[in-house]
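What's in my_file10.cif: mmCIF, C-alpha atoms
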```cif
data_entry
#
loop_
_atom_site.label_atom_id
_atom_site.label_comp_id
_atom_site.auth_asym_id
_atom_site.auth_seq_id
_atom_site.Cartn_x
_atom_site.Cartn_y
_atom_site.Cartn_z
CA MET X 9 65.87 118.19 120.59
CA GLU X 10 69.27 116.51 120.25
CA PRO X 11 72.18 118.56 118.94
CA PHE X 12 73.07 117.64 115.39
CA VAL X 13 76.63 116.74 116.40
CA ALA X 14 75.57 113.63 118.28
CA GLN X 15 73.31 111.79 115.89
CA ARG X 16 75.58 108.93 114.88
CA PRO X 17 75.54 105.90 117.17
CA GLY X 18 78.26 103.31 117.05
CA ALA X 19 82.02 103.45 116.61
CA ARG X 20 83.69 106.07 114.47
CA ALA X 21 84.73 104.66 111.13
CA VAL X 22 88.51 104.47 110.81
CA ALA X 23 90.50 105.02 107.65
CA PRO X 24 93.42 102.77 106.64
CA GLY X 25 96.29 103.36 109.05
CA ARG X 26 94.03 104.35 111.94
CA VAL X 27 93.19 100.84 113.12
CA GLY X 28 95.16 99.81 116.17
CA ALA X 29 95.99 96.42 117.56
CA ASP X 30 92.55 96.20 119.12
CA GLY X 31 91.04 96.25 115.62
CA GLY X 32 89.15 99.49 116.02
CA TYR X 33 90.96 102.38 117.74
CA PRO X 34 93.43 104.71 115.98
CA SER X 35 96.47 103.56 117.93
CA GLU X 36 98.70 106.54 117.16
CA PHE X 37 96.57 108.62 119.54
CA GLY X 38 97.69 106.49 122.46
CA ILE X 39 95.60 106.98 125.59
CA LEU X 40 93.26 109.28 123.64
CA ALA X 41 92.44 106.61 121.04
CA PRO X 42 89.06 105.56 122.52
CA PHE X 43 87.82 109.14 122.36
CA VAL X 44 89.03 109.63 118.80
CA ALA X 45 87.29 106.42 117.76
CA ASP X 46 84.00 107.41 119.42
CA ALA X 47 81.55 108.70 116.80
CA THR X 48 79.79 110.94 119.33
CA VAL X 49 82.94 112.88 120.27
CA THR X 50 83.53 116.17 118.46
CA ASP X 51 86.49 117.55 120.45
CA VAL X 52 89.15 116.26 122.83
CA PHE X 53 91.17 118.63 125.05
CA VAL X 54 94.12 118.05 127.37
CA ASN X 55 95.06 121.08 129.46
CA GLY X 56 98.42 119.89 130.68
CA PRO X 57 98.87 117.03 133.17
CA GLY X 58 95.52 115.88 134.46
CA PRO X 59 92.18 114.75 133.08
CA VAL X 60 91.22 114.48 129.43
CA TRP X 61 88.26 116.71 128.56
CA VAL X 62 85.72 115.54 125.98
CA ASP X 63 82.88 117.24 124.10
CA ARG X 64 80.11 115.04 122.76
CA GLY X 65 78.04 117.94 121.47
CA VAL X 66 76.46 119.03 124.75
CA GLY X 67 79.42 120.74 126.39
CA THR X 68 82.89 119.81 127.56
CA VAL X 69 83.20 117.42 130.51
CA ALA X 70 86.17 115.86 132.27
CA SER X 71 86.69 112.15 131.67
CA SER X 72 88.09 109.60 134.10
CA ILE X 73 91.26 109.30 131.99
CA THR X 74 94.33 111.27 133.13
CA VAL X 75 97.70 111.84 131.47
CA ASP X 76 101.09 113.00 132.75
CA GLU X 77 103.28 115.68 131.17
CA GLU X 78 105.90 113.35 129.71
CA ALA X 79 103.34 111.18 127.93
CA LEU X 80 101.40 114.22 126.76
CA ARG X 81 104.43 115.94 125.27
CA ASP X 82 105.54 112.73 123.55
CA LEU X 83 102.05 112.38 122.07
CA ALA X 84 102.05 115.96 120.79
CA VAL X 85 105.45 115.50 119.13
CA ARG X 86 104.38 112.19 117.58
CA LEU X 87 101.10 113.53 116.18
CA MET X 88 102.80 116.55 114.62
CA ALA X 89 105.46 114.32 113.08
CA LEU X 90 102.72 112.17 111.52
CA ALA X 91 101.32 115.35 109.96
CA GLY X 92 104.72 116.35 108.60
CA ARG X 93 105.09 119.17 111.13
CA HIS X 94 107.72 119.83 113.79
CA ILE X 95 107.10 121.08 117.31
CA ASP X 96 109.72 122.02 119.93
CA GLU X 97 110.74 125.02 122.06
CA THR X 98 111.62 127.05 118.98
CA SER X 99 108.24 126.26 117.34
CA PRO X 100 106.00 125.70 120.37
CA CYS X 101 102.59 126.27 118.70
CA VAL X 102 101.60 124.05 115.78
CA ASP X 103 98.32 123.36 113.99
CA ALA X 104 98.06 120.30 111.75
CA ARG X 105 95.67 118.01 109.91
CA LEU X 106 95.93 114.26 110.15
CA HIS X 107 94.23 111.62 108.02
CA ASP X 108 90.45 111.59 107.79
CA GLY X 109 90.33 115.35 108.45
CA ILE X 110 91.32 115.22 112.13
CA ARG X 111 92.65 118.62 113.24
CA VAL X 112 95.28 118.74 115.98
CA HIS X 113 96.62 121.84 117.73
CA ALA X 114 99.43 121.66 120.28
CA VAL X 115 101.20 124.19 122.50
CA LEU X 116 104.35 123.44 124.49
CA PRO X 117 105.81 125.11 127.58
CA PRO X 118 106.97 127.79 128.25
CA VAL X 119 104.28 129.34 126.02
CA SER X 120 101.80 127.21 127.95
CA THR X 121 102.34 127.82 131.64
CA ARG X 122 100.66 124.63 132.86
CA GLY X 123 102.20 122.02 130.59
CA THR X 124 101.57 120.72 127.07
CA LEU X 125 98.19 121.64 125.65
CA LEU X 126 96.49 119.43 123.08
CA SER X 127 93.25 120.17 121.20
CA ILE X 128 91.80 117.64 118.78
CA ARG X 129 88.81 118.37 116.56
CA LEU X 130 87.15 115.33 115.01
CA PRO X 131 85.16 115.46 111.77
CA ARG X 132 81.82 113.78 111.31
CA ILE X 133 81.89 110.54 109.39
CA ARG X 134 78.61 111.27 107.61
CA ARG X 135 78.50 114.52 105.70
CA LEU X 136 75.41 116.39 106.80
CA SER X 137 73.03 117.98 104.31
CA LEU X 138 70.81 121.00 104.81
CA ASP X 139 67.91 118.60 105.41
CA ASP X 140 69.93 116.82 108.12
CA LEU X 141 70.57 120.14 109.85
CA ALA X 142 66.92 121.08 109.57
CA GLY X 143 65.92 117.81 111.19
CA ALA X 144 68.21 118.58 114.13
CA GLY X 145 66.60 121.96 114.77
CA PHE X 146 69.36 124.04 113.19
CA PHE X 147 66.96 126.33 111.30
CA GLY X 148 64.10 128.44 112.56
CA PRO X 149 60.86 129.06 110.61
CA GLY X 150 61.61 129.95 107.00
CA ALA X 151 65.39 129.85 107.48
CA LEU X 152 65.99 126.65 105.51
CA GLU X 153 64.20 128.06 102.47
CA PHE X 154 66.17 131.29 102.82
CA VAL X 155 69.49 129.44 102.85
CA ARG X 156 68.50 127.23 99.92
CA GLY X 157 67.58 130.37 98.01
CA LEU X 158 71.03 131.85 98.64
CA VAL X 159 72.65 128.75 97.17
CA ALA X 160 70.29 128.54 94.19
CA ARG X 161 70.70 132.24 93.34
CA ARG X 162 74.49 131.99 93.70
CA ARG X 163 74.69 134.65 96.39
CA ASN X 164 78.02 135.28 98.12
CA VAL X 165 77.68 134.40 101.81
CA LEU X 166 79.67 135.02 104.98
CA VAL X 167 79.04 132.49 107.78
CA THR X 168 79.92 133.86 111.21
CA GLY X 169 79.88 132.62 114.79
CA ALA X 170 82.01 131.76 117.79
CA GLY X 171 84.32 128.77 117.89
CA GLY X 172 82.41 125.48 117.74
CA SER X 173 79.16 127.09 116.60
CA GLY X 174 78.92 125.01 113.41
CA LYS X 175 80.30 127.39 110.77
CA THR X 176 82.19 124.70 108.85
CA THR X 177 79.25 122.29 109.09
CA LEU X 178 76.75 124.76 107.64
CA LEU X 179 79.15 125.88 104.92
CA ALA X 180 79.80 122.27 103.86
CA ALA X 181 76.05 121.54 103.75
CA MET X 182 75.42 124.64 101.62
CA LEU X 183 78.18 123.73 99.17
CA GLY X 184 76.81 120.20 98.95
CA ALA X 185 73.51 121.70 97.74
CA ALA X 186 75.19 123.42 94.78
CA PRO X 187 74.50 121.99 91.30
CA PRO X 188 76.83 119.04 90.59
CA GLY X 189 78.33 120.62 87.48
CA GLU X 190 79.72 123.62 89.35
CA ARG X 191 83.41 123.61 90.23
CA ILE X 192 84.01 124.52 93.89
CA VAL X 193 87.51 125.48 95.02
CA ALA X 194 88.10 125.88 98.76
CA ILE X 195 91.11 127.45 100.47
CA GLU X 196 91.80 126.56 104.09
CA ASP X 197 94.52 127.09 106.65
CA VAL X 198 93.94 123.52 107.84
CA ALA X 199 91.58 121.52 105.64
CA GLU X 200 88.34 120.81 107.52
CA LEU X 201 85.59 121.14 104.93
CA ARG X 202 84.06 117.79 104.02
CA VAL X 203 81.69 118.46 101.15
CA ASP X 204 79.42 115.93 99.47
CA HIS X 205 79.85 117.31 95.96
CA PRO X 206 81.40 115.67 92.85
CA HIS X 207 83.39 118.75 91.76
CA PHE X 208 84.88 119.96 95.04
CA VAL X 209 88.62 120.53 95.45
CA SER X 210 90.50 121.91 98.45
CA LEU X 211 93.80 123.76 98.82
CA GLU X 212 95.57 123.77 102.19
CA ALA X 213 98.11 126.33 103.38
CA ARG X 214 101.60 125.11 104.24
CA GLN X 215 103.91 126.33 106.96
CA ALA X 216 107.59 127.01 106.38
CA ASN X 217 110.05 124.19 107.03
CA LEU X 218 112.83 124.28 109.62
CA GLU X 219 114.94 126.41 107.28
CA GLY X 220 112.12 128.95 106.94
CA ALA X 221 111.35 128.04 103.32
CA GLY X 222 108.42 126.48 101.52
CA ALA X 223 105.56 128.40 103.12
CA VAL X 224 102.37 128.70 101.07
CA PRO X 225 100.08 131.21 102.84
CA LEU X 226 96.35 131.64 102.39
CA ASP X 227 96.57 134.87 100.40
CA ARG X 228 98.71 133.12 97.79
CA LEU X 229 96.29 130.20 97.65
CA VAL X 230 93.43 132.59 96.93
CA ARG X 231 95.31 133.83 93.88
CA GLU X 232 96.15 130.27 92.82
CA ALA X 233 92.51 129.24 93.17
CA LEU X 234 91.41 132.02 90.83
CA ARG X 235 93.57 130.42 88.11
CA MET X 236 91.61 127.17 88.50
CA ARG X 237 88.40 128.65 87.07
CA PRO X 238 86.18 128.12 90.08
CA ASP X 239 82.44 128.50 89.77
CA ARG X 240 82.36 129.00 93.53
CA LEU X 241 85.34 130.24 95.53
CA VAL X 242 85.38 129.41 99.24
CA LEU X 243 87.70 130.59 102.01
CA GLY X 244 87.41 128.25 104.98
CA GLU X 245 88.05 131.02 107.51
CA CYS X 246 89.09 134.64 107.15
CA ARG X 247 91.87 135.17 109.70
CA GLY X 248 94.19 137.78 108.22
CA ALA X 249 95.35 139.57 105.11
CA GLU X 250 93.71 137.00 102.83
CA VAL X 251 90.41 138.84 103.37
CA ARG X 252 91.67 141.42 100.86
CA ASP X 253 92.06 138.80 98.13
CA LEU X 254 88.71 137.19 98.95
CA LEU X 255 86.81 140.49 98.75
CA ALA X 256 88.61 141.37 95.54
CA ALA X 257 87.77 137.98 94.01
CA LEU X 258 84.10 138.14 94.98
CA ASN X 259 83.91 141.62 93.47
CA THR X 260 85.07 140.38 90.06
CA GLY X 261 82.20 138.13 89.04
CA HIS X 262 82.85 135.06 91.22
CA ASP X 263 79.29 134.56 92.43
CA GLY X 264 78.23 131.81 94.79
CA GLY X 265 81.34 132.17 96.93
CA ALA X 266 81.54 131.92 100.68
CA GLY X 267 83.75 132.28 103.70
CA THR X 268 83.59 131.96 107.46
CA LEU X 269 84.56 134.50 110.10
CA HIS X 270 84.94 134.20 113.86
CA ALA X 271 82.60 136.68 115.55
CA ASN X 272 80.69 136.54 118.82
CA SER X 273 77.63 138.38 117.51
CA LEU X 274 76.19 139.72 114.29
CA GLY X 275 77.00 143.24 115.42
CA ASP X 276 80.68 142.35 115.88
CA VAL X 277 81.14 141.29 112.26
CA PRO X 278 81.92 144.73 110.75
CA ALA X 279 84.63 145.43 113.34
CA ARG X 280 86.18 142.01 112.73
CA LEU X 281 86.27 142.59 108.97
CA GLU X 282 87.80 146.04 109.43
CA ALA X 283 90.47 144.61 111.73
CA LEU X 284 91.41 141.92 109.22
CA GLY X 285 91.39 144.45 106.41
CA ALA X 286 93.82 146.61 108.39
CA LEU X 287 96.24 143.66 108.47
CA ALA X 288 96.13 143.74 104.66
CA GLY X 289 96.69 147.49 104.53
CA MET X 290 93.06 148.26 103.66
CA SER X 291 91.31 151.30 105.05
CA ALA X 292 87.98 150.91 106.86
CA ASP X 293 86.32 152.70 103.94
CA ALA X 294 87.78 150.23 101.41
CA VAL X 295 86.69 147.23 103.50
CA SER X 296 83.19 148.65 103.91
CA ARG X 297 82.58 149.34 100.25
CA GLN X 298 84.01 146.05 99.06
CA ALA X 299 82.05 144.05 101.65
CA VAL X 300 78.76 145.71 100.70
CA SER X 301 79.42 145.01 97.04
CA ALA X 302 80.78 141.47 97.41
CA ILE X 303 78.71 139.78 100.14
CA SER X 304 74.95 139.34 99.84
CA ALA X 305 74.17 137.74 103.20
CA VAL X 306 75.64 137.15 106.64
CA LEU X 307 74.55 134.01 108.48
CA HIS X 308 75.34 134.12 112.20
CA LEU X 309 75.40 130.88 114.19
CA GLU X 310 75.19 130.29 117.92
CA ARG X 311 75.45 127.33 120.25
CA ARG X 312 72.80 127.25 122.95
CA ASP X 313 72.63 124.44 125.51
CA GLY X 314 74.73 122.26 123.25
CA VAL X 315 72.52 122.84 120.19
CA ARG X 316 73.98 124.70 117.23
CA MET X 317 71.60 126.88 115.26
CA LEU X 318 71.28 129.67 112.74
CA ALA X 319 70.49 132.50 115.13
CA GLN X 320 70.46 135.61 112.91
CA THR X 321 70.77 136.65 109.29
CA GLY X 322 71.74 140.03 107.94
CA ARG X 323 73.13 142.02 105.06
CA PHE X 324 75.94 144.55 104.87
CA GLU X 325 75.16 148.20 104.34
CA LEU X 326 76.79 151.58 104.94
CA ASP X 327 75.66 153.78 107.79
CA PRO X 328 75.17 157.56 107.27
CA HIS X 329 78.89 158.07 107.99
CA GLY X 330 80.00 155.51 105.40
CA ARG X 331 80.97 152.86 107.96
CA LEU X 332 80.11 149.20 107.59
CA ARG X 333 77.19 147.75 109.55
CA VAL X 334 74.95 144.70 109.39
CA ALA X 335 71.21 145.15 109.00
CA PRO X 336 69.16 142.17 110.25
CA THR X 337 66.98 140.47 107.65
#
```
Please lay out the structure from this file as structure tokens.
Amino acid sequence: MEPFVAQRPGARAVAPGRVGADGGYPSEFGILAPFVADATVTDVFVNGPGPVWVDRGVGTVASSITVDEEALRDLAVRLMALAGRHIDETSPCVDARLHDGIRVHAVLPPVSTRGTLLSIRLPRIRRLSLDDLAGAGFFGPGALEFVRGLVARRRNVLVTGAGGSGKTTLLAAMLGAAPPGERIVAIEDVAELRVDHPHFVSLEARQANLEGAGAVPLDRLVREALRMRPDRLVLGECRGAEVRDLLAALNTGHDGGAGTLHANSLGDVPARLEALGALAGMSADAVSRQAVSAISAVLHLERRDGVRMLAQTGRFELDPHGRLRVAPT
């Protein structure tokens, strides 16, 4: 069974401004342009001077292309400038979104001890539906019907998994299955969700400028989104204090909402939520009770031998001591 990330043959479609002199490659990516233009590539990594590493959905492998430190640093600075961000020794770690949903993360020395680090995540050109995922072996027996039922019944869902397990892909497919008349408002640190839905809008957090002003953090965007009368409220990834606002919103009648959370196993999810709640000044008891009330289902994803899949499902409940746990379903 092929992994669902590598189903599109041919060259990656390029948006206006991404076509280089060769007529097809996004020239601003320099030596990395052929990988960015390749429809089968999902991630590109450069770990300092040396080879470029590429993931085509079946694991990361070293390519025959190498880059030196000077060219790599220049590329990182140029890409961040194109995204309206600034990277130097005083701001050595920057995450940005370029056109067409390309996500770029860069780290400069001395934070990186081996040279400039560059990580590029490339979105799919075709937006995958739940049926597409099912055809690629993403769902086990009965799982597709279970997920469709969650969407149809407007259940609040938390999608969990390790990095690269397909959380954003599944969430986008689920939102695309929502009725077309429902207004979906998504909040993301860096906009990655690509949803095939006529009433989908996305808000992206903004970092402070060089003077330290103008920041728009995720927790503020959650509050702004609530003023937009969403039928479904979505938080692209819970990473910090914004989990407090999301749980509060989902506990006040905003059904059909969703979020993603980085967790290595289904059993790790409660501890991760409690840790994020602590950043927002919430006690473990408050996180537990709000999570049980707000979230109907937890969908945990895994990547096995290059194939992403829905591995486990569960629901939040309180243990005999009042602590949060996930019961498999």
Give me, as a Markdown table, each residue of stretch 126-150 of chain X that comes within 9 Å of stretch 44-62 of chain X, together with its shortest interatomic pair and the distance in Å at one decimal, counting all atoms listed in the file, with rows ordered by chain and rising residue number.
```
| residue | atom | partner | partner_atom | distance |
| --- | --- | --- | --- | --- |
| X:Leu126 | CA | X:Val54 | CA | 5.1 |
| X:Ser127 | CA | X:Phe53 | CA | 4.6 |
| X:Ile128 | CA | X:Val52 | CA | 5.0 |
| X:Arg129 | CA | X:Asp51 | CA | 4.6 |
| X:Leu130 | CA | X:Thr50 | CA | 5.1 |
| X:Pro131 | CA | X:Thr50 | CA | 6.9 |
| X:Arg132 | CA | X:Ala47 | CA | 7.5 |
| X:Ile133 | CA | X:Ala47 | CA | 7.6 |
```
- Query: If the PyMOL selection byres ((chain X and resi 226) around 10) is run on the structure shown, which residues does it catch, given as a PyMOL selection string?
  - Reply: chain X and resi 195-197+211-214+223-225+227-232+243-251+253
Would you translate the PyMOL selection byres ((chain X and resi 191) around 6) into the concrete set of residues it matches in this file, as a CSV table (one decimal) with C-alpha atoms, keeping the file's coordinate frame?
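See out00.csv below for the written result:
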```csv
chain,number,residue,atom,x,y,z
X,190,GLU,CA,79.7,123.6,89.4
X,192,ILE,CA,84.0,124.5,93.9
X,207,HIS,CA,83.4,118.8,91.8
X,238,PRO,CA,86.2,128.1,90.1
X,239,ASP,CA,82.4,128.5,89.8
```
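Atom CA of X:Met182 sits 12.9 Å away from atom CA of X:Leu241.
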- Item | Best match for closeness to X:Asp82 among X:Gly174, X:Glu36, X:Val69, X:Glu219, counting only C-alpha atoms |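 Ranked by minimum distance to X:Asp82, first place goes to X:Glu36.
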- Task: Find the distance between atom CA of X:Leu274 and atom CA of X:Arg111 and write it in Å to one decimal.
- Result: 26.8 Å
- Which one of X:Val277, X:Leu332, X:Ala266, X:Leu80 sits closest to X:Ala292 if you count all atoms listed in the file?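 Looking only at the distances to X:Ala292, the closest residue turns out to be X:Leu332.
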- Which residues match the PyMOL selection byres ((chain X and resi 112) around 12) in the file above, as number ranges by chain? X: 37, 44, 51-54, 83-91, 93, 101-111, 113-115, 125-131, 198-200
- Quick one: of X:Gly261, X:Gly38, X:Gly289, X:Gly314, who's nearest to X:Ser301, counting all atoms listed in the file? X:Gly261
- Message: Calculated over only C-alpha atoms, which of the candidates X:Thr337, X:Thr68, X:Thr121, X:Thr176 has the smallest distance to X:Gly267?
- Response: X:Thr176
